[in-house]
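Shown next, in structure tokens, is the structure this report addresses.
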Amino acid sequence: MTTGAASAFGGTMLPNHQLDPNQKMLVTADQMEYDTQAETVAAVGNVQIYYDGSTLEADRVELDRKANVLRASGHVRMKEKDGKIVTADNLELTQDFKQGFINSLRLDTPDKTHFAAARADRTEGNVTVLQNGVYTACEPCREDPTRPPLWQIRAKKIIHNQDERMIYYEHATLEFFGLPMAYFPYMSSPDPTVKRKTGFLAPDFFTSSQIGYAVGIPFFWNIAPDRDMTITPAYTSKQGLLMQGEWRQRLINGSYAIRAAGIMQEDKEAFMNNASDPLPGYRDNRGAIQTTGNFAINQFWSFGWDGTLASDRTFLRDYDLIGDSVTTKISTAYLTGQGDRSFFDLRGLYFLGLSVTDNQDTIPIVGTLNYSKVFDKPLWGGESGFKVNLTSMTRDEAAFLGTSSLWSSGGATGVPTGSCTLANPNAAQCLLRGAPGDYTRLSGDLYWKKTITDSWGQMWTPFVTARVDVASVNVGALPYNYMYGPTLPGQNPLQSGSEDLIRAMPAVGVDYRYPFISMESWGTQTIEPRAQIIIRPNETDIGSFPNEDAQSLVFDDTNLFEINKYSGYDRVEGGSRANVGLTYTANVNGFGTLSALVGQSYNLFGKNSFAYGDMANTGLESGLETNASDYIARVSYSPTSNLELISRFRFDNVDWSLQRLELQGRVAVDKLSVSVTYGRYEAQPLLGYYNLREGVYTTASYKLNDFWTLNGGVRYDIAQSEMDYTLLGVGYKDDCFTLNFNYIQDYSINGPNSSPVTKLMLRIGLRTLGESGISTSMGSGSGSGSSNSLFQ
């Protein structure tokens with residue numbers, strides 16, 4: 001074996017990048033041949049040349065000094081400094097490597113993309129032309145490398161321009177498993193090393209009965225490293241040209257984006273239900289503007305926004321610009337701060353209803369401020385802090401909800417629509433879900449608590465809280481019959497007019513726990529009785545404060561021991577109360593964990609807040625409105641981390657009839673994952689739920705192998721004996737290809753007694769080339785409405 005020096009073969013070796021001419025070259029071979037007359041130098045047999053991090057291997061490498069050409073032949077393999085690997089039968093290059101050709105070439109890049117060709121020619125040092133070439137981003141089959149990959153592009157010419165970092169294909173055919181599927185006279189794609197490149201992206205397709213067939217071809221403009229723009233003209237067969245654009249920019253401390261879409265509709269008549277019932281899309285010009293942003297002021301503070309402005313409430317859904325499950329688009333601007341023991345959030349909220357049944361005048365504009373602080377130093381050995389909430393809102397029209405099927409549009413025997421249609425509604429038959437006018441409330445909540453464990457192991461937690469609410473209320477005109485007409489026991493209808501209110505709610509109490517722990521050979525078990533006593537005055541001004549943020553009240557194990565069980569600030573729990581419960585937990589070796597809780601709440605003395613409804617009847621029929629509440633229980637069992645079962649119950653405190661039942665299960669066994677939710681809720685006519693609600697929602701996913709996945713979901717309304725929602729899907733994902741197909745049938749979007757919306761969605765992604773999709777809607781997307789969810 002003989003070694004040579006760099007001078008024998010020149011200063012550069014490989015074609016695709018610049019090498020350092022000052023680096024030394026190491027040549028190893030079985031022998032070296034010198035021909036002084038022909039002026040050639042050849043390395044023969046197991047040739048290996050190392051130069052500046054690159055390697056050339058071949059059976060023979062010859063340098064022709066006269067022709068200034070380097071020839072390599074026999075099992076040629078080049079590994080470049082950047083990781084690319086080129087294999088060929090033979091290779092010929094000029095000494096400076098700006099021109100040359102390679103026969104029977106295969107190029108493997110570090111990012112797992114592969115080129116192959118019968119011949120490759122290189123010119124000007126930056127353009128490589130592959131004759132009869134093939135490109136793919138799929139790895140060869142391990143069992144049979146000769147088998148065609150999942151997909152590949154076969155072209156008469158594949159031209160790689162390194163300066164432009166682009167690949168051009170002439171007379172190209174897209175093949176799947178070696179079978180031709182699509183032909184393109186000309187196409188191009190960025191170099192696989194490019195993350196962002198100006199050019200056309202894969203098209204998207206969409207169809208619906210109102211817009212016809214639509215195809216959008218996005219054009220991506222890589223303006224600079226910190227900004228880009230995507231322009232997507234989409235042609236629709238019925239409505240004409242829909243223009244879309246998105247601008248994105250990244251700044252030093254954050255980023256923002258602006259998206260816009262607009263169309264001059266050619267057939268607005270497609271958005272007519274009938275001659276007297278136009279849908280929101282019945283207009284000539286439609287469009288929307290959306291923008292998002294998030295910026296960091298420093299390590300503690302940030303601000304941002306997410307805004308949407310649309311010509312009408314169904315535009316985004318009609319043209320497939322928003323998810324089908326989105327029924328409300330929330331626009332917000334915010335300022336947040338996060339400290340070690342404090343949190344600040346200031347934001348404005350605008351809710352855009354996206355359903356036909358939405359009335360924007362009944363939807364409020366809201367501003368909120370929330371601040372919480374835990375004091376650094378203990379006070380009397382305990383934890384103390386405070387919370388502040390400021391809410392200001394305005395609404396143009398009152399939002400009523402019917403509470404009697406007699407007054408629903410369905411008639412005495414029909415199915416209630418969930419809206420009150422009386423010309424002059426009264427509180428006995430209609431809830432006021434949203435008050436008209438202006439409402440501003442400032443709430444402050446100060447607390448102190450300390451846990452003391454005595455020598456017996458009993459845990460005593462005394463606590464003190466003080467809450468003050470100050471409000472300015474300006475309620476617009478309400479129907480006379482609502483304010484002064486018939487009411488139900490415990491109701492407090494809101495009154496029209498302006499008023500300044502102040503409300504205070506101090507409370508003292510103690511929380512007691514006594515855990516008994518038993519350690520046995522089979523595991524451990526814990527029994528913990530718990531009791532909580534709260535002493536406080538009665539709640540005042542019930543019904544005077546508009547209840548906007550505390551309408552959701554579900555009495556269960558999660559809020560049994562809450563000092564204030566209301567979900568928001570507009571109501572505050574008053575009256576002295578005792579909350580009691582018993583928790584049992586067992587960890588059994590080889591069996592898993594079993595946990596159970598039973599409890600009840602008692603109004604000791606004073607006014608029971610939950611027996612007095614507000615404009616939304618919150619508290620009534622909650623299970624807390626009687627002096628002794630309904631019984632609540634929870635049982636959960638988890639034998640392994642892959643299986644969990646949870647059940648929650650609420651039983652009537654008098655006859656033990658089941659008022660509320662929820663069963664939830666989650667299991668993952670090998671390749672199968674299943675989740676099931678079952679709900680059964682007795683009628684609550686005072687809250688707008690007229691009949692028994694019962695249903696089940698199931699989702700499942702099964703992994704067929706490393707690549708294929710099946711998924712599905714079903715929501716079945718047992719009370720109505722009908723399917724409410726169906727999802728069937730299949731997905732494929734490997735190192736070079738993704739596919740997702742979903743079939744969705746949703747009965748809840750258009751409301752009760754309406755035809756379902758059916759949607760088919762297909763998306764295909766080819767690694768390094770992009771992703772494209774097609775979706776079709778059957779049924780009126782513009783006819784989408786809203787309905788009460790079963791699982792509330």
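Residues are referred to by chain and number: the chain letter is A, B, ... according to the order shown in the structure tokens, the number counts from 1 in that chain, and ligands are numbered separately from 1 in the order shown.
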Could you pull the residues within 8 Å of A:Phe545, counting only C-alpha atoms, minus those fewer than 2 positions along the same chain, as a list in words?
->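 The contact residues come out as Ala471, Val473, Leu494, Leu501, Asp541, Ile542, Gly543, Asn547, Asp570 and Arg571 of chain A.
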Would you write out those residues with N, CA, C and O atoms, as a short mmCIF file (atom, residue, chain, number, x, y, z; two decimals), in the first residue's frame?
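Output file part_12.cif is given in full below:
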data_model
loop_
_atom_site.label_atom_id
_atom_site.label_comp_id
_atom_site.auth_asym_id
_atom_site.auth_seq_id
_atom_site.Cartn_x
_atom_site.Cartn_y
_atom_site.Cartn_z
N ALA A 471 -70.45 47.59 42.57
CA ALA A 471 -70.94 47.48 41.20
C ALA A 471 -71.73 48.71 40.80
O ALA A 471 -72.39 49.35 41.62
N VAL A 473 -74.62 49.32 38.00
CA VAL A 473 -75.53 48.56 37.15
C VAL A 473 -76.44 49.52 36.41
O VAL A 473 -77.06 50.39 37.02
N LEU A 494 -84.35 40.25 37.62
CA LEU A 494 -83.57 41.48 37.53
C LEU A 494 -84.50 42.63 37.14
O LEU A 494 -85.43 42.46 36.35
N LEU A 501 -74.26 49.50 43.69
CA LEU A 501 -74.43 48.46 44.70
C LEU A 501 -73.12 48.19 45.42
O LEU A 501 -72.02 48.35 44.85
N ASP A 541 -78.73 41.47 48.27
CA ASP A 541 -78.94 41.97 46.91
C ASP A 541 -79.00 40.84 45.88
O ASP A 541 -78.53 41.00 44.75
N ILE A 542 -79.59 39.71 46.27
CA ILE A 542 -79.75 38.62 45.30
C ILE A 542 -80.72 39.08 44.22
O ILE A 542 -81.83 39.53 44.51
N GLY A 543 -80.31 38.98 43.00
CA GLY A 543 -81.13 39.44 41.88
C GLY A 543 -80.84 40.85 41.45
O GLY A 543 -81.20 41.25 40.34
N ASN A 547 -76.29 38.33 37.03
CA ASN A 547 -75.44 37.14 37.11
C ASN A 547 -74.99 36.76 35.70
O ASN A 547 -75.74 36.15 34.94
N ASP A 570 -70.22 36.99 40.34
CA ASP A 570 -71.50 37.71 40.40
C ASP A 570 -72.42 37.20 41.50
O ASP A 570 -73.35 37.90 41.89
N ARG A 571 -72.19 35.99 41.96
CA ARG A 571 -72.90 35.48 43.13
C ARG A 571 -71.87 35.13 44.19
O ARG A 571 -70.74 34.73 43.87
#
From stretch 422-585 of chain A, collect each residue whose DSSP state is strand (DSSP E) and return the set as a ChimeraX atom specification.
-> /A:430-434,437-449,452-453,459-475,497-513,516-520,523-535,576-585
Could you name the residues that touch stretch 309-319 of chain A at 8 Å or less, counting only C-alpha atoms, but leaving out those on the same chain fewer than 2 positions away, as an NGL selection string?
-> :A and (210-211 or 280-281 or 286-290 or 307 or 321-324 or 352-356 or 781-782)
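Taking atom CA of A:Asn653 and atom CA of A:Asp556 as endpoints, the distance between them is 13.8 Å.
For A:Thr109, the set of protein, DNA and RNA residues having any atom at most 8 Å away, when counting only C-alpha atoms and skipping those fewer than 2 positions along the same chain, is Gly83, Lys84, Ile85, Leu107, Asp111, Lys112, Thr113 and His114 of chain A.
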Find the residues near A:Tyr697: any atom within 10 Å, counting only C-alpha atoms, skip ones fewer than 4 places away on the same chain, and give them as a ChimeraX atom specification.
-> /A:664,675-679,713-717,724-726,790-791
Contacts of A:Thr540 at 9 Å (only C-alpha atoms; same-chain gap of 5+ positions) as a compact mmCIF listing (two decimals) with C-alpha atoms, in the first residue's frame:
# COMPACT_ATOMS: atom_id res chain seq x y z
CA ARG A 503 -71.96 43.89 48.97
CA ALA A 504 -69.71 42.45 51.70
CA MET A 505 -69.28 38.85 52.74
CA GLY A 574 -73.94 33.31 52.14
Counting only C-alpha atoms, which of A:Thr524, A:Ser104, A:Asn481, A:Asn587 gets nearest to A:Asn424?
->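 Using only C-alpha atoms, the shortest distance to A:Asn424 belongs to A:Asn481.
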Would you mind writing down, as JSON, numbers by chain, each residue of stretch 591-727 of chain A that DSSP on the backbone assigns to helix (DSSP H, G or I)?
-> {"A": [609, 610, 611, 685, 686, 687]}
Would you list the contacts of stretch 562-569 of chain A as a PDB file with N, CA and C atoms, in the first residue's frame, taking every protein, DNA or RNA residue within 7 Å and counting only C-alpha atoms, but skipping same-chain residues closer than 6 positions in sequence?
ATOM      1  N   ASP A 549     -71.379  35.699  35.154  1.00  0.00           N
ATOM      2  CA  ASP A 549     -70.236  34.778  35.150  1.00  0.00           C
ATOM      3  C   ASP A 549     -70.382  33.626  36.141  1.00  0.00           C
ATOM      4  N   ALA A 550     -71.535  33.499  36.807  1.00  0.00           N
ATOM      5  CA  ALA A 550     -71.706  32.439  37.800  1.00  0.00           C
ATOM      6  C   ALA A 550     -72.945  31.607  37.512  1.00  0.00           C
ATOM      7  N   SER A 552     -73.027  28.729  35.804  1.00  0.00           N
ATOM      8  CA  SER A 552     -72.743  27.295  35.790  1.00  0.00           C
ATOM      9  C   SER A 552     -72.529  26.821  37.219  1.00  0.00           C
ATOM     10  N   LEU A 553     -73.373  25.913  37.684  1.00  0.00           N
ATOM     11  CA  LEU A 553     -73.248  25.369  39.033  1.00  0.00           C
ATOM     12  C   LEU A 553     -73.580  23.879  38.982  1.00  0.00           C
TER      13      LEU A 553
END
